[in-house]
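Printed here is model.cif (mmCIF, C-alpha atoms and all ligand atoms):
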data_data
loop_
_atom_site.label_atom_id
_atom_site.label_comp_id
_atom_site.auth_asym_id
_atom_site.auth_seq_id
_atom_site.Cartn_x
_atom_site.Cartn_y
_atom_site.Cartn_z
CA MET A 1 25.87 37.49 24.27
CA ARG A 2 28.73 38.89 26.36
CA SER A 3 28.05 40.14 29.85
CA ILE A 4 26.27 43.52 30.32
CA LYS A 5 28.49 46.02 32.19
CA ILE A 6 26.44 47.91 34.80
CA GLY A 7 28.08 51.14 35.96
CA THR A 8 27.21 52.46 39.41
CA ARG A 9 28.52 54.65 42.20
CA ASN A 10 29.94 52.58 45.01
CA SER A 11 27.76 53.78 47.90
CA PRO A 12 25.74 51.01 49.56
CA LEU A 13 22.46 52.38 48.16
CA ALA A 14 23.86 52.69 44.63
CA MET A 15 25.22 49.13 44.83
CA TRP A 16 21.78 47.90 45.92
CA GLN A 17 20.23 49.65 42.91
CA ALA A 18 22.82 48.10 40.56
CA ARG A 19 22.14 44.62 41.96
CA GLU A 20 18.41 45.19 41.48
CA VAL A 21 19.01 46.01 37.79
CA ALA A 22 21.32 42.97 37.51
CA ARG A 23 18.56 40.78 38.94
CA ASN A 24 16.10 42.11 36.33
CA LEU A 25 18.59 41.31 33.56
CA GLN A 26 19.33 37.84 34.94
CA ASN A 27 15.58 37.09 34.91
CA LEU A 28 15.81 37.66 31.15
CA ASN A 29 18.85 35.33 31.01
CA TYR A 30 21.56 37.96 30.54
CA THR A 31 24.82 37.79 32.42
CA THR A 32 25.97 40.95 34.18
CA ASP A 33 29.05 42.64 35.61
CA ILE A 34 28.76 45.43 38.17
CA VAL A 35 31.39 48.16 37.66
CA PRO A 36 31.65 50.58 40.63
CA VAL A 37 32.85 54.11 39.78
CA LEU A 38 33.84 56.70 42.42
CA ALA A 39 31.71 59.76 41.75
CA THR A 40 32.80 63.35 42.38
CA GLY A 41 29.64 63.88 44.41
CA ASP A 42 30.91 61.39 46.96
CA LYS A 43 34.31 63.04 47.29
CA ASN A 44 33.54 66.57 48.51
CA LEU A 45 31.48 66.22 51.64
CA THR A 46 32.26 69.59 53.19
CA GLN A 47 29.77 71.70 51.24
CA PRO A 48 26.11 71.24 50.37
CA LEU A 49 25.61 70.34 46.74
CA TYR A 50 23.80 73.50 45.73
CA LYS A 51 26.85 75.50 46.84
CA LEU A 52 29.09 73.49 44.53
CA GLY A 53 27.06 74.99 41.68
CA ILE A 54 27.19 71.92 39.49
CA THR A 55 24.23 69.88 38.39
CA GLY A 56 24.75 66.22 37.79
CA ILE A 57 27.55 65.98 40.29
CA PHE A 58 26.47 62.41 41.10
CA THR A 59 26.08 61.44 37.46
CA LYS A 60 28.87 63.02 35.47
CA ASP A 61 31.58 60.42 36.23
CA LEU A 62 29.24 57.66 35.11
CA ASP A 63 28.24 59.73 32.06
CA LEU A 64 31.92 59.79 31.06
CA ALA A 65 32.35 56.04 31.62
CA LEU A 66 29.22 55.46 29.52
CA LEU A 67 30.38 57.70 26.66
CA ASN A 68 33.84 56.03 26.75
CA ASN A 69 32.17 52.60 26.37
CA GLU A 70 33.63 51.44 29.69
CA ILE A 71 30.12 50.45 30.76
CA ASP A 72 26.95 49.56 28.80
CA ILE A 73 24.50 51.23 31.16
CA ALA A 74 24.61 53.47 34.24
CA VAL A 75 22.23 53.01 37.18
CA HIS A 76 21.15 56.03 39.23
CA SER A 77 18.53 57.29 41.64
CA LEU A 78 16.44 59.24 39.16
CA LYS A 79 16.12 62.19 41.53
CA ASP A 80 19.90 62.70 41.21
CA ILE A 81 19.80 62.86 37.39
CA PRO A 82 19.58 66.40 35.97
CA THR A 83 16.57 67.06 33.77
CA GLU A 84 18.86 67.98 30.87
CA LEU A 85 21.04 65.02 29.89
CA PRO A 86 24.35 65.12 27.99
CA GLU A 87 24.29 64.43 24.27
CA ASN A 88 23.98 60.73 23.37
CA ILE A 89 22.82 59.77 26.86
CA GLU A 90 19.21 58.98 27.65
CA ILE A 91 17.10 57.25 30.26
CA ILE A 92 16.29 53.89 28.69
CA ALA A 93 14.22 52.44 31.57
CA VAL A 94 12.93 53.02 35.08
CA LEU A 95 12.10 50.40 37.71
CA GLU A 96 8.77 50.40 39.54
CA ARG A 97 8.59 53.04 42.28
CA ASP A 98 8.04 51.58 45.73
CA TYR A 99 8.47 54.27 48.38
CA PRO A 100 8.24 57.90 47.21
CA GLN A 101 7.95 59.56 50.64
CA ASP A 102 10.29 61.49 52.91
CA VAL A 103 10.42 60.40 56.54
CA LEU A 104 11.78 61.88 59.76
CA VAL A 105 14.39 60.07 61.85
CA ARG A 106 15.21 61.37 65.35
CA LYS A 107 18.24 60.73 67.47
CA LYS A 108 17.60 58.64 70.57
CA ASP A 109 17.42 61.50 73.07
CA ALA A 110 15.00 63.56 70.95
CA GLN A 111 12.17 61.03 70.84
CA ASN A 112 9.85 63.09 73.05
CA LEU A 113 10.32 66.57 71.57
CA GLU A 114 7.54 68.31 69.66
CA LEU A 115 8.12 68.64 65.91
CA HIS A 116 8.41 72.44 66.14
CA ASP A 117 11.19 72.15 68.75
CA LEU A 118 13.42 69.83 66.75
CA LYS A 119 16.77 71.05 65.44
CA ILE A 120 16.83 69.68 61.91
CA ALA A 121 19.85 68.58 59.91
CA THR A 122 19.32 68.62 56.17
CA SER A 123 21.17 70.04 53.18
CA SER A 124 18.15 69.81 50.92
CA LEU A 125 16.62 73.18 49.98
CA ARG A 126 13.29 71.48 49.46
CA ARG A 127 13.19 69.71 52.86
CA ARG A 128 14.31 72.87 54.63
CA ALA A 129 11.75 75.14 52.96
CA PHE A 130 8.83 72.73 53.32
CA TRP A 131 9.68 72.14 56.99
CA CYS A 132 9.94 75.92 57.54
CA LYS A 133 6.52 76.42 55.99
CA GLU A 134 5.04 74.55 58.98
CA PHE A 135 7.62 75.35 61.66
CA PRO A 136 9.15 78.75 60.79
CA ASP A 137 11.34 79.07 63.88
CA THR A 138 13.30 75.89 63.30
CA GLN A 139 17.12 75.81 63.56
CA PHE A 140 18.83 73.96 60.71
CA SER A 141 22.28 72.60 60.05
CA ASP A 142 23.84 71.01 56.98
CA ILE A 143 24.46 67.28 56.78
CA ARG A 144 26.04 65.40 53.90
CA GLY A 145 27.03 61.88 53.03
CA ASN A 146 25.20 58.65 52.36
CA VAL A 147 22.36 57.36 54.51
CA GLN A 148 24.60 55.42 56.92
CA THR A 149 26.96 58.38 57.36
CA ARG A 150 24.05 60.71 58.04
CA LEU A 151 22.62 58.34 60.65
CA ASN A 152 25.99 58.28 62.44
CA LYS A 153 26.30 62.07 62.27
CA LEU A 154 22.84 62.36 63.82
CA GLU A 155 23.90 60.55 67.00
CA GLU A 156 27.21 62.46 67.23
CA ASN A 157 26.07 66.05 66.65
CA ASP A 158 23.99 68.76 68.21
CA PHE A 159 20.85 68.30 66.15
CA ASP A 160 17.79 66.23 66.86
CA ALA A 161 16.51 64.79 63.62
CA THR A 162 16.99 64.47 59.91
CA MET A 163 14.90 63.54 56.89
CA PHE A 164 15.46 60.64 54.52
CA SER A 165 13.89 59.17 51.49
CA LEU A 166 11.98 56.13 52.78
CA ALA A 167 13.18 54.21 49.70
CA ALA A 168 16.75 54.52 50.96
CA ILE A 169 15.85 53.24 54.44
CA GLU A 170 13.84 50.31 53.09
CA ARG A 171 16.45 49.35 50.48
CA MET A 172 19.26 49.38 53.01
CA GLY A 173 17.11 47.34 55.38
CA LEU A 174 17.92 49.83 58.15
CA ASP A 175 16.37 49.09 61.49
CA VAL A 176 15.52 52.70 62.39
CA HIS A 177 12.37 54.20 63.76
CA TYR A 178 10.89 56.75 61.35
CA GLU A 179 7.84 59.01 61.16
CA HIS A 180 5.81 59.79 58.06
CA LEU A 181 5.64 63.49 57.20
CA PRO A 182 2.40 64.57 55.51
CA ILE A 183 3.82 68.11 55.39
CA MET A 184 6.40 67.06 52.78
CA ILE A 185 6.03 66.60 49.03
CA SER A 186 8.77 64.41 47.64
CA ALA A 187 11.42 65.48 45.18
CA PRO A 188 10.59 64.89 41.53
CA ALA A 189 11.27 61.19 40.74
CA GLN A 190 12.13 60.33 44.35
CA GLY A 191 12.30 56.60 45.05
CA VAL A 192 12.85 55.62 41.41
CA VAL A 193 15.83 53.73 40.00
CA ALA A 194 16.73 54.76 36.45
CA ILE A 195 18.90 53.13 33.82
CA CYS A 196 20.84 55.39 31.44
CA GLY A 197 22.24 54.20 28.15
CA ARG A 198 23.80 55.63 25.01
CA SER A 199 21.20 56.89 22.55
CA ASP A 200 23.04 55.09 19.72
CA ASN A 201 23.03 51.73 21.53
CA ALA A 202 19.91 50.11 20.07
CA GLU A 203 20.73 46.76 21.66
CA MET A 204 20.51 48.09 25.25
CA LYS A 205 17.37 50.06 24.42
CA GLU A 206 15.70 46.91 23.14
CA ILE A 207 16.69 44.86 26.20
CA PHE A 208 15.55 47.55 28.65
CA SER A 209 12.21 48.12 26.91
CA HIS A 210 11.28 44.77 28.53
CA ILE A 211 12.36 45.95 31.98
CA ASN A 212 10.87 49.48 31.94
CA HIS A 213 7.86 50.07 34.23
CA LYS A 214 5.51 52.18 32.13
CA PRO A 215 3.23 53.60 34.89
CA THR A 216 6.31 54.76 36.83
CA GLN A 217 7.77 56.25 33.65
CA ILE A 218 4.57 58.21 32.98
CA CYS A 219 4.60 59.66 36.51
CA VAL A 220 8.28 60.59 36.64
CA GLU A 221 8.17 62.21 33.20
CA ILE A 222 5.44 64.53 34.43
CA GLU A 223 7.39 65.29 37.63
CA ARG A 224 10.65 65.94 35.78
CA ASN A 225 9.02 68.10 33.10
CA PHE A 226 7.38 70.10 35.90
CA LEU A 227 10.79 70.56 37.54
CA ASN A 228 12.59 71.41 34.30
CA THR A 229 10.01 74.01 33.26
CA LEU A 230 10.02 75.71 36.67
CA GLU A 231 13.76 75.76 37.27
CA GLY A 232 15.26 76.63 33.93
CA GLY A 233 18.67 75.46 35.14
CA CYS A 234 18.58 76.84 38.70
CA THR A 235 17.83 74.85 41.85
CA ALA A 236 14.81 75.72 43.99
CA PRO A 237 12.63 74.10 46.67
CA ILE A 238 10.32 72.09 44.43
CA GLY A 239 8.21 69.05 45.26
CA ALA A 240 6.39 66.98 42.67
CA PHE A 241 4.53 63.72 42.95
CA ALA A 242 2.34 61.96 40.40
CA GLU A 243 0.51 58.68 40.81
CA ILE A 244 -2.03 56.75 38.79
CA ASN A 245 -5.30 56.15 40.62
CA GLU A 246 -7.78 53.27 40.42
CA ARG A 247 -9.68 55.04 37.61
CA ASN A 248 -6.45 55.15 35.60
CA GLU A 249 -6.20 58.93 35.97
CA VAL A 250 -3.08 60.77 37.03
CA ARG A 251 -3.11 62.72 40.28
CA PHE A 252 -0.36 65.32 40.44
CA ILE A 253 0.73 67.38 43.45
CA GLY A 254 3.38 70.04 42.92
CA ARG A 255 4.82 72.82 45.06
CA LEU A 256 7.27 75.67 44.63
CA CYS A 257 8.35 77.47 47.80
CA SER A 258 10.54 80.39 48.74
CA LEU A 259 13.68 79.30 50.64
CA ASP A 260 12.13 80.31 53.97
CA GLY A 261 8.87 78.49 53.18
CA LYS A 262 6.79 81.66 53.64
CA ASN A 263 5.69 81.85 50.02
CA CYS A 264 4.37 78.68 48.42
CA ILE A 265 2.51 77.96 45.23
CA GLU A 266 0.86 74.60 45.04
CA THR A 267 -1.03 72.63 42.46
CA ASP A 268 -3.13 69.50 42.95
CA GLU A 269 -4.87 68.12 39.86
CA ILE A 270 -6.41 64.94 38.51
CA PHE A 271 -6.43 64.37 34.75
CA GLU A 272 -6.54 61.73 32.05
CA TRP A 273 -3.13 61.03 30.58
CA ASN A 274 -2.18 60.73 26.91
CA GLU A 275 1.24 60.43 25.37
CA HIS A 276 0.96 63.57 23.21
CA GLU A 277 0.66 66.19 25.93
CA ASN A 278 3.49 67.53 28.07
CA PHE A 279 1.47 67.68 31.30
CA GLY A 280 4.43 68.54 33.51
CA LYS A 281 5.18 71.59 31.40
CA THR A 282 1.55 72.79 31.39
CA LEU A 283 1.27 72.34 35.18
CA ALA A 284 4.52 74.26 35.72
CA GLN A 285 3.42 77.07 33.42
CA LYS A 286 0.30 77.52 35.54
CA VAL A 287 2.47 77.78 38.66
CA LEU A 288 4.73 80.32 36.90
CA GLU A 289 1.70 82.40 35.91
CA ASN A 290 0.34 82.25 39.48
CA GLY A 291 3.30 84.08 40.99
CA GLY A 292 5.89 81.38 40.37
CA ARG A 293 7.90 83.54 38.00
CA GLU A 294 8.49 86.21 40.67
CA LEU A 295 9.20 83.51 43.25
CA MET A 296 11.85 81.92 40.99
CA HIS A 297 13.53 85.33 40.52
CA GLN A 298 13.56 85.84 44.29
CA ILE A 299 15.03 82.35 44.88
CA LYS A 300 17.74 82.86 42.24
CA SER A 301 18.83 86.12 43.85
CA GLU A 302 19.01 84.47 47.31
CA ILE A 303 21.03 81.36 46.43
N1 LIG A 401 19.57 63.19 48.18
C1 LIG A 401 20.39 62.05 47.87
C2 LIG A 401 19.57 60.86 47.54
N2 LIG A 401 19.36 60.52 46.25
C3 LIG A 401 18.55 59.40 46.23
C4 LIG A 401 18.28 59.06 47.53
C5 LIG A 401 17.47 57.91 47.97
C6 LIG A 401 16.78 57.13 46.90
C7 LIG A 401 15.64 57.86 46.28
O1 LIG A 401 14.91 58.57 46.97
O2 LIG A 401 15.44 57.69 45.07
C8 LIG A 401 18.94 59.95 48.38
C9 LIG A 401 18.94 59.94 49.85
C10 LIG A 401 17.84 60.77 50.48
O3 LIG A 401 17.21 61.60 49.82
O4 LIG A 401 17.61 60.62 51.69
#
The structure in this file should be written as structure tokens.
Amino acid sequence: MRSIKIGTRNSPLAMWQAREVARNLQNLNYTTDIVPVLATGDKNLTQPLYKLGITGIFTKDLDLALLNNEIDIAVHSLKDIPTELPENIEIIAVLERDYPQDVLVRKKDAQNLELHDLKIATSSLRRRAFWCKEFPDTQFSDIRGNVQTRLNKLEENDFDATMFSLAAIERMGLDVHYEHLPIMISAPAQGVVAICGRSDNAEMKEIFSHINHKPTQICVEIERNFLNTLEGGCTAPIGAFAEINERNEVRFIGRLCSLDGKNCIETDEIFEWNEHENFGKTLAQKVLENGGRELMHQIKSEI
């Protein structure tokens, strides 16, 4: 067979993810070509993403390349993929999740400050709101760019610390000191690499059915259905994390917060999974009925 063309953004983390998918394919004796594509999301670094008002800003250039048959598959961080996909594009596999958590990284001269005194740089609504829930008087500033850029900006600017996905730090092999943050709940599908293909490409679907990590897929489907049901197309501070425990049950933790973190609705449940039920949707509906609907209206009017 000819070589499989792997489309990816060209950031260091995206390239790592593409090489990881290539390695999986090579283990099955396929040859691969990595095709880097400059994504719109990497071009405008002056505004936070939610202000650009577009979902899928990281994915749409690769969607186009995929639909134009320039690439056979597109590799993404699943947390960057909108819950509603374009026609004829679907997620055909996910790799095993390794590090789902958010961590805190401080600049050198802020090592001894208390958490509530830190000036935090983040452009994530979720990280900001969840941090505010614990430390309401915190000063925030925006920060954009890939992990390396954000680390540089941290040393150069007047803020003390920022938050990263631990997956990004581990994958880049960055030698930075970080702190775990039990106050955070990760973004839906954080730490998961996803492979998108064309729905009408049966050959890629067959190949990737051997690469897909089923337990990860089960968890991220619940998280993404939870997100999709809550948001209905708008962005909001939402955390969602599912994992399969030693008794083969799913434990799900979800949270919806007002932008200032003052109003939060949380759910924490353990259940037996089956493929017929849309658990993410049911869990989100409970949140909506418990005050989530009003909270979503409030968030929409504030953004
Ligand atoms: N927000 C951008 C983004 N999208 C995916 C990752 C890292 C990889 C992942 O968590 O899947 C990051 C960086 C971060 O959140 O710090």
Hey, what's within 6 Å of segment 93-106 of chain A if we count all atoms listed in the file and toss same-chain stuff fewer than 6 positions away? As a ChimeraX atom specification, please?
/A:160-167,178-181,186,190-195,208,212-213,216
Selection file, C-alpha atoms, as a PDB file, in the frame of the given file:
ATOM      1  CA  ASP A 160      17.790  66.230  66.860  1.00  0.00           C
ATOM      2  CA  ALA A 161      16.510  64.790  63.620  1.00  0.00           C
ATOM      3  CA  THR A 162      16.990  64.470  59.910  1.00  0.00           C
ATOM      4  CA  MET A 163      14.900  63.540  56.890  1.00  0.00           C
ATOM      5  CA  PHE A 164      15.460  60.640  54.520  1.00  0.00           C
ATOM      6  CA  SER A 165      13.890  59.170  51.490  1.00  0.00           C
ATOM      7  CA  LEU A 166      11.980  56.130  52.780  1.00  0.00           C
ATOM      8  CA  ALA A 167      13.180  54.210  49.700  1.00  0.00           C
ATOM      9  CA  TYR A 178      10.890  56.750  61.350  1.00  0.00           C
ATOM     10  CA  GLU A 179       7.840  59.010  61.160  1.00  0.00           C
ATOM     11  CA  HIS A 180       5.810  59.790  58.060  1.00  0.00           C
ATOM     12  CA  LEU A 181       5.640  63.490  57.200  1.00  0.00           C
ATOM     13  CA  SER A 186       8.770  64.410  47.640  1.00  0.00           C
ATOM     14  CA  GLN A 190      12.130  60.330  44.350  1.00  0.00           C
ATOM     15  CA  GLY A 191      12.300  56.600  45.050  1.00  0.00           C
ATOM     16  CA  VAL A 192      12.850  55.620  41.410  1.00  0.00           C
ATOM     17  CA  VAL A 193      15.830  53.730  40.000  1.00  0.00           C
ATOM     18  CA  ALA A 194      16.730  54.760  36.450  1.00  0.00           C
ATOM     19  CA  ILE A 195      18.900  53.130  33.820  1.00  0.00           C
ATOM     20  CA  PHE A 208      15.550  47.550  28.650  1.00  0.00           C
ATOM     21  CA  ASN A 212      10.870  49.480  31.940  1.00  0.00           C
ATOM     22  CA  HIS A 213       7.860  50.070  34.230  1.00  0.00           C
ATOM     23  CA  THR A 216       6.310  54.760  36.830  1.00  0.00           C
TER      24      THR A 216
END
Of the candidates A:Pro237, A:Pro86, A:Gly145, A:Gly280, which shows the shortest atom-to-atom distance to ligand LIG 401 (chain A), using only C-alpha atoms and all ligand atoms?
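When distances to ligand LIG 401 (chain A) are compared using only C-alpha atoms and all ligand atoms, the smallest one comes from A:Gly145.
Taking atom CA of Asp33 of chain A as the reference point, atom CA of Ser3 of chain A is found at 6.4 Å.
Note that atom CA of Glu206 of chain A and atom CA of Val21 of chain A are 15.0 Å apart.
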What's the separation between atom CA of Met184 of chain A and atom CA of Cys196 of chain A, in Å to one decimal place?
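Between atom CA of Met184 of chain A and atom CA of Cys196 of chain A the gap is 28.3 Å.
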What's the 7 Å shell around segment 126-133 of chain A, counting only C-alpha atoms, without same-chain residues fewer than 6 positions away, as a list in words?
Met184, Pro237, Ile238, Cys257, Ser258, Leu259, Asp260, Gly261 and Lys262 of chain A
